[in-house]
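Structure first, commentary second.
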Amino acid sequence: MSRVATAGLTTEPVPPAGRLARLASPTTALALAALTLLVTLASGPLAVLDHQFSGSNTVAPAVFALLFIVVGTVVARGQPRNPIGWLLLGIALALVGGTAAGSYALLDYRAGYHGLPLVRLAVFLAPSWSVFIVLLPLPILLFPDGRPSSSGSRRTFMAYLALGAAFLALVISQDAPALVARHIRVDSSGELAALNQSRGVVAALYDALLLLFIAVCLALVVHQVLAYRQSTGVRRQQLKWLMSGGAIALAGLIASLTVAGGTLVLVVALPISIGVGVLRYRLYEIDRLISRTLSYALLTALLVGTFIGLIALTTDTFALSGRVGVAASTLVAAALFNPLRLRIQRVVDRRFNRAHYDAEATVAAFTARLRDAVEIDAIRSDLLDAVNRAVQPTHASIWIKP
């Protein structure tokens, strides 16, 4: 949307958003990221309790999920209406959700913790690897705008959605007895035992869907290669990183489904490549988000360090009581908060949010010149120049009341 600046620096009104668009907000992104992080942290203790803790089954999925969480949160907060961030968070939740649900189911059926609540639901949710498989290729096709870039990619996108829906329907139909059957058995991963023992028509359907999945994944890569060849400048560099990481991730996923499960580690190339494309080439205009996150992280670390250091100083060196030391340290930390915040924000903006830093410098320079200005035409010209440099609107004009 173009920006139009007037003397009051107003902007064009934003059209009202729908319910789904309002739900996709930075707050929702933080809530989903917190939920995914909580599930990730819970998967470790659950695996220890049922004696299933290992590097490949517990640690690796947690590390993979953390990478997806970080990049997905940054993108979803910076561009909440772009589905890529939400897809990355969904991939992370599906990855660790199945691990945590399977471990919880094993506590009841294998480790002797009988009578746990919602254990049947945990068995049903354990094969969430299927959701992970379906979601993983989508950010590759939708990057960076969040929608297919051509009619050919739109047809591929619709075909992939139909294929993904068929695959998930097949998994759910085989997993449904976990909720309705009188007696069930689970395997060593906490999933319904019958789910991994498919035969006959069901096995043939799985094989057919797998072949179609591989074909569509290759088509996704071809579409991005064509988009790369037609792109220029920064977008070309962004797509170059995506193609590299996306091809590696899809190769690892396909190999893990057909040959060796250890190759699943290659999927981490996807969030890494998207993260590099976002951060290095200022995609989605997230400079402000990065600078705020970094500045508040530094501010928190400095205040915590100051607080702990002052408590140690007042109680050990000056022999004050613990309550007096804590009170004094709290007052000092509170007094330092705003000066430190302003200083750190200025330093971080200078490096990571240059546009905001330059805008503040432009406004400060205009204010200094305004003190000595007397001619209205010079002031008007200087004001327009400052607005154009600081806000960069498509059009700027000034109305002066007679």
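To be explicit about the labels: the chains of the structure tokens are called A, B, and onward in the order shown, and within each one the residues are counted from 1, while ligands get numbers from 1 in the order they are shown.
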
Which neighbours of segment 40-53 of chain A fall inside 7 Å, counting only C-alpha atoms, when residues of the same chain fewer than 3 positions from it are skipped, and could you give them as an MDAnalysis selection string?
chainID A and resid 36:37 57:58 62 96 99:100 103:104 106:107 111

Residues from the last selection, N, CA and C atoms, saved as a tab-separated table (two decimals), in the first residue's frame:
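Final output, result.tsv:
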```tsv
chain	number	residue	atom	x	y	z
A	36	THR	N	4.65	-24.43	21.37
A	36	THR	CA	5.56	-25.37	20.72
A	36	THR	C	6.81	-25.57	21.55
A	37	LEU	N	7.34	-24.48	22.12
A	37	LEU	CA	8.52	-24.59	22.96
A	37	LEU	C	8.22	-25.40	24.22
A	57	ASN	N	15.95	-39.95	18.80
A	57	ASN	CA	14.51	-39.92	19.02
A	57	ASN	C	14.02	-38.72	19.80
A	58	THR	N	14.90	-38.08	20.59
A	58	THR	CA	14.47	-37.00	21.47
A	58	THR	C	15.23	-35.71	21.22
A	62	ALA	N	14.08	-32.16	18.95
A	62	ALA	CA	14.00	-30.92	19.71
A	62	ALA	C	14.86	-29.83	19.08
A	96	VAL	N	7.59	-32.12	17.13
A	96	VAL	CA	7.77	-32.46	18.54
A	96	VAL	C	6.48	-32.95	19.18
A	99	THR	N	6.38	-36.71	18.98
A	99	THR	CA	7.34	-37.31	19.91
A	99	THR	C	6.80	-37.27	21.34
A	100	ALA	N	6.28	-36.09	21.75
A	100	ALA	CA	5.76	-35.96	23.12
A	100	ALA	C	4.53	-36.83	23.33
A	103	SER	N	5.57	-40.52	23.63
A	103	SER	CA	6.18	-40.80	24.94
A	103	SER	C	5.13	-40.85	26.05
A	104	TYR	N	4.14	-39.95	25.97
A	104	TYR	CA	3.07	-39.95	26.97
A	104	TYR	C	2.25	-41.24	26.89
A	106	LEU	N	3.34	-44.14	25.86
A	106	LEU	CA	4.17	-45.24	26.36
A	106	LEU	C	4.19	-45.29	27.88
A	107	LEU	N	4.04	-44.14	28.54
A	107	LEU	CA	3.98	-44.14	30.00
A	107	LEU	C	2.85	-45.01	30.50
A	111	ALA	N	5.25	-48.30	30.41
A	111	ALA	CA	6.04	-47.99	31.61
A	111	ALA	C	5.30	-48.20	32.92
```

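The residue set within 6 Å of Ser189 of chain A, counting only C-alpha atoms and dropping same-chain residues fewer than 2 places from it, reads Gly102, Asp187 and Glu191 of chain A.
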